[in-house]
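**Q** Next comes the structure file query_39.txt, holding compact mmCIF, C-alpha atoms.
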```
# COMPACT_ATOMS: atom_id res chain seq x y z
CA MET A 17 17.09 27.74 -68.03
CA THR A 18 16.39 25.11 -65.45
CA ILE A 19 15.57 21.51 -66.18
CA LYS A 20 12.14 21.97 -64.56
CA LEU A 21 11.22 24.75 -66.92
CA ARG A 22 12.25 22.67 -69.89
CA TYR A 23 9.82 19.96 -68.86
CA TRP A 24 7.01 22.44 -68.41
CA LEU A 25 7.66 23.61 -71.92
CA ALA A 26 7.58 20.06 -73.21
CA MET A 27 4.38 19.34 -71.28
CA LEU A 28 2.73 22.43 -72.76
CA ILE A 29 3.40 21.47 -76.33
CA LEU A 30 1.30 18.29 -76.37
CA PRO A 31 -2.07 19.82 -75.40
CA LEU A 32 -1.41 22.64 -77.86
CA MET A 33 -0.93 20.05 -80.56
CA SER A 34 -4.20 18.27 -79.90
CA GLY A 35 -6.07 21.56 -79.98
CA CYS A 36 -5.28 22.16 -83.60
CA TYR A 37 -5.91 18.63 -84.81
CA PRO A 38 -7.74 18.76 -88.18
CA LYS A 39 -11.47 18.26 -88.24
CA GLY A 40 -13.51 15.79 -90.24
CA ALA A 41 -17.07 15.91 -91.53
CA GLU A 42 -19.31 18.58 -90.03
CA TYR A 43 -22.50 18.14 -92.05
CA ASN A 44 -24.61 15.03 -92.59
CA GLU A 45 -24.19 15.33 -96.32
CA GLU A 46 -20.44 14.92 -96.01
CA LEU A 47 -20.99 11.39 -94.69
CA ASP A 48 -23.05 10.25 -97.65
CA ILE A 49 -21.57 7.58 -99.85
CA VAL A 50 -22.85 5.81 -102.91
CA TYR A 51 -21.67 2.34 -103.82
CA THR A 52 -22.47 0.66 -107.13
CA ASN A 53 -21.40 -2.61 -108.69
CA TYR A 54 -22.50 -4.65 -111.68
CA ASN A 55 -22.06 -7.79 -113.69
CA PRO A 56 -19.53 -6.89 -116.42
CA ASP A 57 -20.89 -9.65 -118.70
CA PHE A 58 -24.43 -8.34 -118.71
CA ASN A 59 -25.46 -6.43 -121.81
CA PHE A 60 -27.34 -3.51 -120.26
CA SER A 61 -27.77 -1.68 -123.57
CA SER A 62 -29.84 -4.49 -125.04
CA LYS A 63 -32.44 -4.10 -122.27
CA THR A 64 -34.92 -1.28 -122.35
CA THR A 65 -37.88 -2.03 -120.11
CA TYR A 66 -38.13 -2.25 -116.35
CA ALA A 67 -40.75 -2.79 -113.72
CA LEU A 68 -40.90 -1.42 -110.21
CA PRO A 69 -42.99 -2.62 -107.25
CA ASP A 70 -45.45 -0.18 -105.72
CA SER A 71 -43.72 -0.20 -102.35
CA ILE A 72 -40.28 -0.02 -100.81
CA ILE A 73 -39.63 -2.59 -98.13
CA LYS A 74 -37.83 -2.25 -94.82
CA ILE A 75 -35.27 -4.93 -94.13
CA THR A 76 -35.26 -5.55 -90.41
CA GLY A 77 -33.08 -8.65 -90.19
CA ASP A 78 -31.67 -11.25 -92.51
CA ASN A 79 -34.65 -13.52 -91.94
CA PHE A 80 -38.08 -12.52 -93.13
CA LEU A 81 -40.37 -12.65 -90.14
CA ASP A 82 -44.00 -11.88 -90.58
CA PRO A 83 -45.36 -11.13 -87.11
CA ASP A 84 -48.71 -9.80 -88.32
CA GLY A 85 -49.13 -12.77 -90.67
CA ASN A 86 -50.25 -10.78 -93.72
CA GLY A 87 -47.46 -12.16 -95.89
CA LYS A 88 -45.94 -8.69 -96.36
CA PRO A 89 -42.93 -7.00 -94.79
CA GLU A 90 -42.92 -3.51 -93.31
CA PHE A 91 -43.09 -0.75 -95.92
CA VAL A 92 -41.50 2.68 -96.15
CA SER A 93 -43.97 5.58 -95.74
CA PRO A 94 -45.89 6.50 -98.93
CA ALA A 95 -44.29 9.98 -99.01
CA ASN A 96 -40.73 8.59 -98.90
CA THR A 97 -41.61 5.83 -101.33
CA LEU A 98 -42.87 8.41 -103.82
CA LEU A 99 -39.76 10.52 -103.33
CA ILE A 100 -37.41 7.61 -104.01
CA PHE A 101 -39.41 6.12 -106.88
CA ASN A 102 -39.78 9.49 -108.61
CA GLN A 103 -36.04 9.99 -108.50
CA ILE A 104 -35.33 6.48 -109.78
CA ASN A 105 -37.93 6.76 -112.57
CA GLN A 106 -36.53 10.12 -113.61
CA ASN A 107 -33.01 8.70 -113.84
CA MET A 108 -34.13 5.53 -115.62
CA ALA A 109 -36.06 7.62 -118.18
CA ALA A 110 -33.04 9.89 -118.68
CA ASN A 111 -30.96 6.77 -119.33
CA GLY A 112 -33.39 5.55 -121.99
CA TRP A 113 -35.37 2.98 -120.02
CA THR A 114 -39.14 2.52 -120.23
CA LYS A 115 -41.23 1.62 -117.22
CA VAL A 116 -43.76 -1.17 -117.77
CA PRO A 117 -46.02 -3.17 -115.47
CA LYS A 118 -44.59 -6.43 -114.19
CA THR A 119 -47.17 -8.29 -116.28
CA SER A 120 -45.69 -6.85 -119.51
CA ASN A 121 -42.60 -9.04 -119.44
CA PRO A 122 -40.04 -6.38 -118.37
CA ASP A 123 -36.34 -6.90 -119.21
CA VAL A 124 -35.27 -6.05 -115.69
CA ILE A 125 -36.94 -5.51 -112.34
CA LEU A 126 -35.78 -3.00 -109.76
CA LEU A 127 -36.19 -4.02 -106.14
CA VAL A 128 -35.79 -1.19 -103.66
CA SER A 129 -35.30 -1.74 -99.95
CA THR A 130 -34.12 0.27 -96.97
CA MET A 131 -32.15 -0.64 -93.89
CA THR A 132 -31.48 1.35 -90.79
CA THR A 133 -29.50 -1.26 -88.95
CA THR A 134 -25.81 -1.49 -88.33
CA ASN A 135 -25.49 -4.22 -90.93
CA LEU A 136 -26.42 -4.56 -94.57
CA TYR A 137 -28.00 -7.81 -95.59
CA TYR A 138 -27.22 -8.55 -99.21
CA TYR A 139 -28.51 -12.09 -98.92
CA TYR A 140 -31.64 -11.22 -97.02
CA ASP A 141 -34.48 -13.71 -97.08
CA TRP A 142 -36.13 -13.98 -100.50
CA GLY A 143 -39.43 -14.38 -98.72
CA TYR A 144 -39.43 -10.59 -98.33
CA TRP A 145 -40.38 -10.34 -102.01
CA GLY A 146 -42.77 -13.30 -102.21
CA TRP A 147 -45.77 -10.97 -102.01
CA TRP A 148 -44.83 -9.22 -105.25
CA TYR A 149 -42.19 -10.88 -107.41
CA PRO A 150 -43.74 -12.46 -110.54
CA GLY A 151 -43.61 -16.21 -110.58
CA TYR A 152 -42.20 -16.37 -107.08
CA TYR A 153 -42.08 -19.73 -105.45
CA PRO A 154 -39.68 -21.08 -102.84
CA PRO A 155 -36.77 -21.58 -103.12
CA TRP A 156 -36.61 -18.60 -105.45
CA GLY A 157 -33.73 -16.20 -104.84
CA TRP A 158 -30.89 -14.27 -106.39
CA TYR A 159 -27.14 -14.29 -106.75
CA TYR A 160 -24.48 -11.74 -107.71
CA PRO A 161 -22.82 -12.97 -110.90
CA GLY A 162 -19.09 -12.32 -110.93
CA TYR A 163 -18.95 -9.94 -107.94
CA TYR A 164 -19.87 -9.67 -104.29
CA PRO A 165 -21.11 -6.63 -102.40
CA PRO A 166 -18.86 -5.78 -99.46
CA TYR A 167 -19.64 -6.59 -95.87
CA ILE A 168 -20.12 -3.33 -94.03
CA THR A 169 -20.84 -2.51 -90.41
CA GLY A 170 -21.45 0.92 -89.02
CA TYR A 171 -23.74 2.80 -86.70
CA ARG A 172 -26.77 5.07 -86.93
CA SER A 173 -26.56 4.45 -90.62
CA GLY A 174 -29.37 4.25 -93.07
CA SER A 175 -29.20 2.69 -96.48
CA VAL A 176 -31.29 2.52 -99.57
CA PHE A 177 -30.50 -0.63 -101.52
CA ILE A 178 -31.45 -0.91 -105.20
CA GLN A 179 -31.17 -4.25 -106.98
CA MET A 180 -31.60 -4.60 -110.73
CA VAL A 181 -32.70 -8.16 -111.37
CA ASP A 182 -32.53 -9.81 -114.79
CA SER A 183 -36.03 -11.21 -114.80
CA LYS A 184 -35.55 -13.11 -118.08
CA ALA A 185 -32.17 -14.68 -117.30
CA ALA A 186 -33.30 -18.24 -116.76
CA PRO A 187 -37.02 -18.82 -116.64
CA GLY A 188 -37.93 -21.36 -114.03
CA ALA A 189 -34.52 -21.29 -112.34
CA ASP A 190 -34.33 -20.98 -108.57
CA ASN A 191 -31.97 -18.02 -108.62
CA VAL A 192 -32.20 -14.81 -110.59
CA PRO A 193 -29.07 -12.71 -111.18
CA VAL A 194 -28.79 -9.22 -109.69
CA GLU A 195 -27.03 -7.46 -112.54
CA TRP A 196 -26.64 -4.08 -110.89
CA SER A 197 -26.65 -3.00 -107.24
CA ALA A 198 -26.58 0.42 -105.69
CA ILE A 199 -26.20 1.19 -102.02
CA LEU A 200 -26.85 4.69 -100.78
CA ASN A 201 -25.52 5.05 -97.29
CA GLY A 202 -25.40 7.87 -94.79
CA LEU A 203 -26.63 9.13 -91.46
CA ALA A 204 -30.34 8.31 -91.22
CA GLU A 205 -31.26 11.66 -89.72
CA GLY A 206 -31.46 15.37 -90.41
CA SER A 207 -34.00 17.62 -92.06
CA ASP A 208 -32.13 17.42 -95.36
CA LEU A 209 -32.51 13.64 -95.60
CA SER A 210 -34.94 13.76 -98.56
CA SER A 211 -32.73 15.96 -100.69
CA ARG A 212 -29.68 13.89 -99.76
CA VAL A 213 -31.41 10.68 -100.86
CA GLN A 214 -32.38 12.31 -104.16
CA LYS A 215 -28.80 13.43 -104.74
CA MET A 216 -27.47 9.98 -103.90
CA ILE A 217 -29.86 8.33 -106.37
CA ASP A 218 -28.61 10.74 -109.05
CA GLY A 219 -25.06 9.85 -108.01
CA ALA A 220 -25.71 6.12 -108.32
CA PHE A 221 -26.83 6.56 -111.92
CA SER A 222 -24.13 9.03 -112.88
CA GLN A 223 -21.39 6.70 -111.61
CA SER A 224 -22.96 3.80 -113.58
CA PRO A 225 -22.61 5.00 -117.18
CA TYR A 226 -23.22 1.46 -118.52
CA LEU A 227 -26.92 1.88 -117.69
CA LYS A 228 -27.27 4.57 -120.33
CA HIS A 229 -28.76 3.82 -123.74
CA MET B 24 12.02 6.23 -72.00
CA PHE B 25 15.17 4.95 -70.37
CA LEU B 26 17.25 6.55 -73.09
CA LEU B 27 15.35 9.78 -72.75
CA ALA B 28 15.84 9.78 -69.00
CA SER B 29 19.51 8.99 -69.24
CA VAL B 30 20.15 11.73 -71.75
CA SER B 31 18.19 14.27 -69.68
CA ILE B 32 19.78 13.31 -66.41
CA GLY B 33 23.08 13.27 -68.22
CA GLY B 34 22.27 16.83 -69.12
CA LEU B 35 22.35 17.81 -65.45
CA TYR B 36 25.94 16.79 -65.04
CA ALA B 37 27.39 16.94 -68.51
CA GLN B 38 26.83 19.42 -71.28
CA GLY B 39 23.39 18.96 -72.69
CA SER B 40 20.65 20.78 -74.54
CA PHE B 41 16.95 20.67 -75.18
CA THR B 42 15.51 21.95 -78.44
CA ALA B 43 11.85 22.62 -79.13
CA SER B 44 10.92 23.58 -82.64
CA TYR B 45 7.97 24.13 -84.91
CA PRO B 46 8.06 22.24 -88.19
CA ILE B 47 6.38 23.03 -91.47
CA SER B 48 6.39 19.84 -93.50
CA PHE B 49 6.24 19.19 -97.22
CA PRO B 50 5.09 15.70 -98.26
CA MET B 51 7.11 13.78 -100.85
CA GLY B 52 6.66 10.57 -102.84
CA ASP B 53 3.86 8.22 -101.80
CA LEU B 54 2.81 10.54 -98.99
CA SER B 55 2.34 13.45 -101.40
CA ASP B 56 0.31 11.22 -103.75
CA TYR B 57 -2.02 10.65 -100.82
CA ILE B 58 -1.90 14.12 -99.25
CA GLY B 59 -0.47 16.92 -101.33
CA GLN B 60 -1.05 19.67 -98.78
CA THR B 61 1.74 21.19 -96.70
CA SER B 62 1.49 20.42 -92.99
CA PHE B 63 1.51 23.30 -90.53
CA ARG B 64 0.80 20.97 -87.64
CA GLY B 65 3.64 19.45 -85.76
CA VAL B 66 6.21 19.63 -83.04
CA THR B 67 9.82 18.54 -82.70
CA MET B 68 11.71 17.94 -79.47
CA GLU B 69 15.37 17.07 -79.26
CA PHE B 70 17.55 16.08 -76.36
CA ASN B 71 21.22 16.35 -77.18
CA LYS B 72 24.39 15.69 -75.28
CA ARG B 73 27.63 17.37 -76.18
CA GLN B 74 30.06 14.55 -76.81
CA LYS B 75 33.01 16.53 -78.12
CA LYS B 76 33.54 20.20 -78.75
CA ASN B 77 31.67 20.16 -82.07
CA LEU B 78 29.75 16.93 -81.82
CA ASP B 79 26.35 16.18 -80.30
CA ILE B 80 24.60 12.90 -79.91
CA GLY B 81 20.94 12.86 -79.06
CA LEU B 82 17.36 11.83 -79.51
CA GLU B 83 14.54 13.34 -81.49
CA PHE B 84 10.80 12.94 -80.96
CA SER B 85 8.48 14.57 -83.43
CA TRP B 86 4.89 14.57 -84.44
CA HIS B 87 3.79 15.68 -87.88
CA THR B 88 0.14 15.70 -88.92
CA PHE B 89 -0.77 15.77 -92.60
CA TYR B 90 -4.37 16.36 -93.56
CA GLU B 91 -6.38 16.83 -96.70
CA ARG B 92 -10.06 16.87 -97.60
CA GLN B 93 -10.89 15.38 -100.96
CA ASP B 94 -14.08 16.76 -102.50
CA LYS B 95 -16.74 14.33 -103.64
CA LYS B 96 -15.21 11.96 -106.16
CA VAL B 97 -15.93 8.56 -107.68
CA TYR B 98 -13.38 5.87 -106.83
CA THR B 99 -13.57 2.87 -109.14
CA GLU B 100 -11.88 -0.47 -108.79
CA GLY B 101 -12.89 -3.15 -111.26
CA THR B 102 -16.67 -3.03 -111.53
CA ALA B 103 -17.18 -1.38 -108.13
CA SER B 104 -17.52 2.36 -107.71
CA VAL B 105 -17.79 4.31 -104.50
CA SER B 106 -18.38 8.03 -104.36
CA GLY B 107 -18.15 10.38 -101.44
CA ILE B 108 -16.05 12.91 -99.62
CA GLN B 109 -12.76 11.69 -98.19
CA TYR B 110 -10.92 13.03 -95.19
CA ARG B 111 -7.33 11.88 -95.25
CA TYR B 112 -4.96 11.95 -92.33
CA THR B 113 -1.39 10.84 -91.88
CA ASN B 114 0.22 11.12 -88.50
CA SER B 115 3.93 10.53 -88.51
CA MET B 116 5.86 10.24 -85.27
CA PRO B 117 9.60 10.00 -85.81
CA LEU B 118 11.68 8.48 -83.03
CA LEU B 119 15.31 8.92 -83.89
CA ALA B 120 18.80 8.77 -82.49
CA GLY B 121 21.27 11.03 -84.19
CA VAL B 122 24.55 12.86 -84.38
CA LYS B 123 25.17 16.49 -85.23
CA TYR B 124 28.36 18.14 -86.24
CA TYR B 125 28.74 21.89 -85.67
CA LYS B 126 31.09 24.33 -87.33
CA GLU B 127 31.90 27.30 -85.19
CA THR B 128 31.93 30.63 -86.99
CA ASP B 129 31.80 34.22 -85.79
CA GLY B 130 33.24 33.25 -82.41
CA GLY B 131 30.45 30.74 -81.72
CA ASN B 132 27.56 33.12 -82.38
CA PHE B 133 26.70 31.50 -85.65
CA MET B 134 27.06 27.74 -85.90
CA PRO B 135 26.00 25.85 -89.04
CA TYR B 136 25.45 22.15 -88.47
CA ALA B 137 24.85 18.93 -90.33
CA GLY B 138 23.38 15.82 -88.79
CA LEU B 139 22.11 12.36 -89.44
CA GLY B 140 19.40 10.52 -87.55
CA LEU B 141 18.45 6.87 -87.57
CA GLY B 142 15.34 5.30 -86.15
CA THR B 143 11.70 4.70 -86.95
CA LEU B 144 8.66 6.55 -88.13
CA TYR B 145 5.41 5.48 -86.53
CA ILE B 146 2.88 6.11 -89.30
CA ASN B 147 -0.87 6.16 -88.84
CA ARG B 148 -2.72 6.75 -92.09
CA SER B 149 -6.49 6.90 -92.01
CA THR B 150 -9.05 7.62 -94.65
CA ASP B 151 -12.58 8.60 -93.69
CA LEU B 152 -15.18 7.85 -96.33
CA GLY B 153 -18.78 8.31 -95.30
CA MET B 154 -19.17 6.80 -91.87
CA TYR B 155 -16.33 4.40 -92.42
CA ARG B 156 -12.66 4.68 -91.59
CA ILE B 157 -9.85 2.72 -93.14
CA THR B 158 -6.72 2.80 -91.01
CA ASN B 159 -3.23 1.70 -91.85
CA GLU B 160 -0.74 1.68 -89.02
CA THR B 161 2.90 0.83 -89.44
CA TRP B 162 6.44 1.37 -88.19
CA GLN B 163 9.01 2.23 -90.82
CA PHE B 164 12.77 2.23 -90.57
CA ALA B 165 13.91 5.80 -91.19
CA LEU B 166 16.92 7.93 -92.02
CA ARG B 167 16.89 11.63 -91.36
CA PRO B 168 19.65 13.88 -92.67
CA GLU B 169 19.49 17.50 -91.54
CA LEU B 170 21.14 20.85 -92.12
CA GLY B 171 20.76 24.00 -90.11
CA VAL B 172 22.19 26.85 -88.20
CA LEU B 173 22.31 27.87 -84.53
CA ILE B 174 22.24 31.56 -83.74
CA LYS B 175 23.28 32.43 -80.23
CA ALA B 176 20.67 34.60 -78.54
CA GLY B 177 22.02 34.76 -75.00
CA PRO B 178 23.65 32.60 -72.34
CA GLY B 179 22.32 29.08 -72.85
CA VAL B 180 19.76 30.08 -75.47
CA SER B 181 20.07 29.86 -79.24
CA GLY B 182 17.72 30.17 -82.14
CA VAL B 183 17.57 27.20 -84.50
CA LEU B 184 16.69 27.20 -88.16
CA GLY B 185 17.01 23.92 -90.00
CA VAL B 186 15.80 21.56 -92.66
CA LYS B 187 15.20 17.88 -91.94
CA TYR B 188 14.42 15.20 -94.46
CA TYR B 189 12.58 12.18 -93.11
CA ALA B 190 12.95 9.15 -95.35
CA GLY B 191 10.89 6.16 -94.26
CA PHE B 192 11.47 2.76 -95.83
CA GLY B 193 8.52 0.86 -97.26
CA THR B 194 6.86 -1.96 -95.37
CA ASP B 195 4.38 -4.61 -96.53
CA ASP B 196 1.55 -2.36 -95.37
CA LEU B 197 2.66 0.93 -96.82
CA ASP B 198 5.22 2.42 -99.21
CA GLY B 199 8.01 4.45 -97.64
CA GLN B 200 6.72 7.76 -96.32
CA SER B 201 8.97 10.76 -96.76
CA TYR B 202 8.84 14.50 -96.29
CA PHE B 203 10.89 17.63 -95.73
CA SER B 204 10.46 19.75 -92.65
CA VAL B 205 11.58 23.30 -92.15
CA ASN B 206 12.08 23.83 -88.42
CA LEU B 207 12.20 27.01 -86.45
CA GLY B 208 12.93 26.68 -82.75
CA LEU B 209 14.89 27.42 -79.63
CA MET B 210 17.73 25.50 -78.07
CA PHE B 211 18.33 25.68 -74.34
CA SER B 212 21.68 24.45 -73.12
CA ASN B 213 23.77 24.42 -69.98
CA PHE B 214 26.88 25.42 -71.84
```
Would you mind writing the file out in structure tokens?

**A**
Amino acid sequence: MTIKLRYWLAMLILPLMSGCYPKGAEYNEELDIVYTNYNPDFNFSSKTTYALPDSIIKITGDNFLDPDGNGKPEFVSPANTLLIFNQINQNMAANGWTKVPKTSNPDVILLVSTMTTTNLYYYYDWGYWGWWYPGYYPPWGWYYPGYYPPYITGYRSGSVFIQMVDSKAAPGADNVPVEWSAILNGLAEGSDLSSRVQKMIDGAFSQSPYLKH
Amino acid sequence: MFLLASVSIGGLYAQGSFTASYPISFPMGDLSDYIGQTSFRGVTMEFNKRQKKNLDIGLEFSWHTFYERQDKKVYTEGTASVSGIQYRYTNSMPLLAGVKYYKETDGGNFMPYAGLGLGTLYINRSTDLGMYRITNETWQFALRPELGVLIKAGPGVSGVLGVKYYAGFGTDDLDGQSYFSVNLGLMFSNF
């Protein structure tokens, strides 16, 4: 066998190798991830009531800009809001929580937001919630007691961000603690998006057993 | 590259051989904790120079790809939990210099051999979770003992069947990666 032929053989092997390289995710659903974190010192089982706003906000940047001057951010469509809230309410009820209006002194408040940017803003401007949050006044805000959500960058990603705020932690204080956070993240496209979001909400609750009563 | 060239060019004038083989690899230790599945993806190329009657020195270049899909699972660390599907990949590229000792039996038609290689494993481990990829890239010092047999098929051509054990040594980034490979291939020589 000549030297030349040996090299041809060697040259042939490499493209053959790349052809059989293993594949990754093929369906949108395979890219879905659910992240949850919580304050280990918070006694979730002693809390039973929660309140939910009537809208889900869109976070469009870490500063709250109000171009139309109505004091409100952009909202998610009513159909998607209903879809997400129904799924959250269902899971909260299954975990032994009771939904009450914000005026009925709820133990915790769930704030739900969405992001379709490449970044997640965990410290987004509190002004986003000024239109709704009870007793809001600047410089109201929140903090993450004992843990920090990760800094994530990506692309074409969409996220639903759920914050469980301890609304009774320190009345009158400037910052309220976010005792539980859930981030549902995936590709923000595809006809199965609704069912994927529902599954991810279920996942967030099932991987957070401490929320159960 | 210089070494490769010198061995190959050496092959033109001295006694040399080129071996191409197909490896099936079985992960061990830390690698098998990460990916348990057997690898059917890989290639091994060897350039050897006959130094003495029964002794070869040479170089080995290989590429072994380990892959495993982990179904949806919850991964918890402290208070944080992440759930999703993971795609795990480990690419190992051994670059080794070695010696091989042959024992001639059956008039040279059947030659068992034992060898030892020394060099590095280039390891690229990546984990895909959702739209995110965590990559760990490292070079590990490696030893590679091997056992096998050459079966003469014709003038200058032999079949090769062998077992190689790649033992990488841990680095700060990654524990030592190790695996067995069963190789089936052909050796072309000018002797």

**Q** Using all atoms listed in the file, which of B:Gly191, B:Pro46, B:Gly171, B:Gly182 sits nearest Tyr125 (chain B)?

**A** B:Gly171

**Q** Of the candidates A:Trp142, A:Tyr37, A:Tyr51, A:Phe80, which shows the shortest atom-to-atom distance to Ser222 (chain A), using all atoms listed in the file?

**A**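 Closest candidate: A:Tyr51.
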
**Q** With distances taken over only C-alpha atoms, which residue among B:His87, B:Ile108, B:Thr194, B:Lys175 lies nearest Gly130 (chain B)?

**A**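 Using only C-alpha atoms, Gly130 (chain B) sits closest to B:Lys175.
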
**Q** Mind giving me the straight-line distance from CA of Leu166 (chain B) to CA of Phe203 (chain B) in Å, one decimal?

**A**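 Distance reported for this atom pair: 12.0 Å.
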
**Q** Identify all chain A residues at most 6 Å from chain B by counting all atoms listed in the file; ligands do not count. Present them as a list in words.

**A** Leu47, Asp48, Ile49, Val50, Tyr51, Thr52 and Asn53 of chain A

**Q** Extract, using all atoms listed in the file, all DNA, RNA and protein residues at most 7 Å from Pro50 (chain B), discarding same-chain residues fewer than 3 positions from it, and format them as a PyMOL selection string.

**A** chain B and resi 54-55+59+61+201-203

**Q** Between A:Trp113, A:Ser120, A:Tyr160, A:Pro165, which is the closest to Ser61 (chain A) once you count all atoms listed in the file?

**A** A:Trp113

**Q** Rank nothing, just name the residue among A:Trp156, A:Trp147, A:Trp196, A:Phe60 nearest to Leu126 (chain A), using only C-alpha atoms.

**A** A:Trp196

**Q** Would you pick out the contacts of Ser204 (chain B) at 7 Å or less, using all atoms listed in the file, so that residues sharing its chain but fewer than 5 positions from it are not included, and give the list as a short mmCIF file (atom, residue, chain, number, x, y, z; two decimals) with C-alpha atoms, in the coordinates of the input?

**A**
```
data_model
loop_
_atom_site.label_atom_id
_atom_site.label_comp_id
_atom_site.auth_asym_id
_atom_site.auth_seq_id
_atom_site.Cartn_x
_atom_site.Cartn_y
_atom_site.Cartn_z
CA PRO B 46 8.06 22.24 -88.19
CA ILE B 47 6.38 23.03 -91.47
CA SER B 48 6.39 19.84 -93.50
CA PHE B 49 6.24 19.19 -97.22
CA VAL B 186 15.80 21.56 -92.66
CA LYS B 187 15.20 17.88 -91.94
CA TYR B 188 14.42 15.20 -94.46
#
```

**Q** What's the separation between CA of Met131 (chain A) and CA of Val92 (chain A), in Å to one decimal place?

**A** 10.2 Å

**Q** Can you work out the spacing between CA of Asn147 (chain B) and CA of Leu197 (chain B) in Å, to one decimal?

**A**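 Atom-to-atom, CA of Asn147 (chain B) to CA of Leu197 (chain B), that is 10.2 Å.
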
**Q** Which residue gives the smallest distance to Gln93 (chain B) among B:Gly121, B:Asn114, B:Thr143, B:Thr150, with all atoms listed in the file counted?

**A**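 Distance minimum relative to Gln93 (chain B) lands on B:Thr150.
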
**Q** Skip Asn59 (chain A) itself and residues of its chain fewer than 4 positions away, then list as a PyMOL selection string all residues within 9 Å of it, counting all atoms listed in the file.

**A** chain A and resi 55+63+226

**Q** Take the selection from the previous step and output its residues with C-alpha atoms, as an mmCIF file, in the coordinates of the input.

**A**
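New file out.cif:
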```cif
data_model
loop_
_atom_site.group_PDB
_atom_site.id
_atom_site.type_symbol
_atom_site.label_atom_id
_atom_site.label_comp_id
_atom_site.auth_asym_id
_atom_site.auth_seq_id
_atom_site.Cartn_x
_atom_site.Cartn_y
_atom_site.Cartn_z
ATOM 1 C CA ASN A 55 -22.060 -7.790 -113.690
ATOM 2 C CA LYS A 63 -32.440 -4.100 -122.270
ATOM 3 C CA TYR A 226 -23.220 1.460 -118.520
#
```

**Q** Could I see region 186-190 of chain B restored to all heavy atoms, set down as a PDB file, in the frame of the given file?

**A**
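Contents of out_4.pdb, freshly written:
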```pdb
ATOM      1  N   VAL B 186      16.593  22.372 -91.745  1.00  0.00           N
ATOM      2  CA  VAL B 186      15.800  21.560 -92.660  1.00  0.00           C
ATOM      3  C   VAL B 186      16.088  20.099 -92.361  1.00  0.00           C
ATOM      4  O   VAL B 186      17.259  19.712 -92.243  1.00  0.00           O
ATOM      5  CB  VAL B 186      16.165  21.859 -94.135  1.00  0.00           C
ATOM      6  CG1 VAL B 186      15.320  21.003 -95.077  1.00  0.00           C
ATOM      7  CG2 VAL B 186      15.971  23.321 -94.445  1.00  0.00           C
ATOM      8  N   LYS B 187      15.034  19.315 -92.191  1.00  0.00           N
ATOM      9  CA  LYS B 187      15.200  17.880 -91.940  1.00  0.00           C
ATOM     10  C   LYS B 187      14.488  17.131 -93.058  1.00  0.00           C
ATOM     11  O   LYS B 187      13.417  17.543 -93.511  1.00  0.00           O
ATOM     12  CB  LYS B 187      14.559  17.491 -90.596  1.00  0.00           C
ATOM     13  CG  LYS B 187      15.247  18.072 -89.368  1.00  0.00           C
ATOM     14  CD  LYS B 187      14.358  17.871 -88.142  1.00  0.00           C
ATOM     15  CE  LYS B 187      14.920  18.514 -86.883  1.00  0.00           C
ATOM     16  NZ  LYS B 187      15.873  17.644 -86.172  1.00  0.00           N
ATOM     17  N   TYR B 188      15.076  16.042 -93.461  1.00  0.00           N
ATOM     18  CA  TYR B 188      14.420  15.200 -94.460  1.00  0.00           C
ATOM     19  C   TYR B 188      14.191  13.829 -93.838  1.00  0.00           C
ATOM     20  O   TYR B 188      15.132  13.139 -93.452  1.00  0.00           O
ATOM     21  CB  TYR B 188      15.294  15.084 -95.716  1.00  0.00           C
ATOM     22  CG  TYR B 188      14.687  14.180 -96.762  1.00  0.00           C
ATOM     23  CD1 TYR B 188      13.453  14.491 -97.335  1.00  0.00           C
ATOM     24  CD2 TYR B 188      15.317  13.005 -97.172  1.00  0.00           C
ATOM     25  CE1 TYR B 188      12.878  13.671 -98.285  1.00  0.00           C
ATOM     26  CE2 TYR B 188      14.744  12.173 -98.133  1.00  0.00           C
ATOM     27  CZ  TYR B 188      13.524  12.509 -98.682  1.00  0.00           C
ATOM     28  OH  TYR B 188      12.949  11.685 -99.613  1.00  0.00           O
ATOM     29  N   TYR B 189      12.929  13.475 -93.697  1.00  0.00           N
ATOM     30  CA  TYR B 189      12.580  12.180 -93.110  1.00  0.00           C
ATOM     31  C   TYR B 189      12.333  11.201 -94.247  1.00  0.00           C
ATOM     32  O   TYR B 189      11.428  11.404 -95.057  1.00  0.00           O
ATOM     33  CB  TYR B 189      11.324  12.290 -92.254  1.00  0.00           C
ATOM     34  CG  TYR B 189      11.478  13.235 -91.087  1.00  0.00           C
ATOM     35  CD1 TYR B 189      11.199  14.592 -91.233  1.00  0.00           C
ATOM     36  CD2 TYR B 189      11.902  12.773 -89.848  1.00  0.00           C
ATOM     37  CE1 TYR B 189      11.341  15.468 -90.170  1.00  0.00           C
ATOM     38  CE2 TYR B 189      12.046  13.636 -88.773  1.00  0.00           C
ATOM     39  CZ  TYR B 189      11.767  14.989 -88.945  1.00  0.00           C
ATOM     40  OH  TYR B 189      11.914  15.844 -87.889  1.00  0.00           O
ATOM     41  N   ALA B 190      13.122  10.148 -94.301  1.00  0.00           N
ATOM     42  CA  ALA B 190      12.950   9.150 -95.350  1.00  0.00           C
ATOM     43  C   ALA B 190      12.608   7.815 -94.702  1.00  0.00           C
ATOM     44  O   ALA B 190      13.457   7.162 -94.097  1.00  0.00           O
ATOM     45  CB  ALA B 190      14.233   9.032 -96.176  1.00  0.00           C
TER      46      ALA B 190
END
```
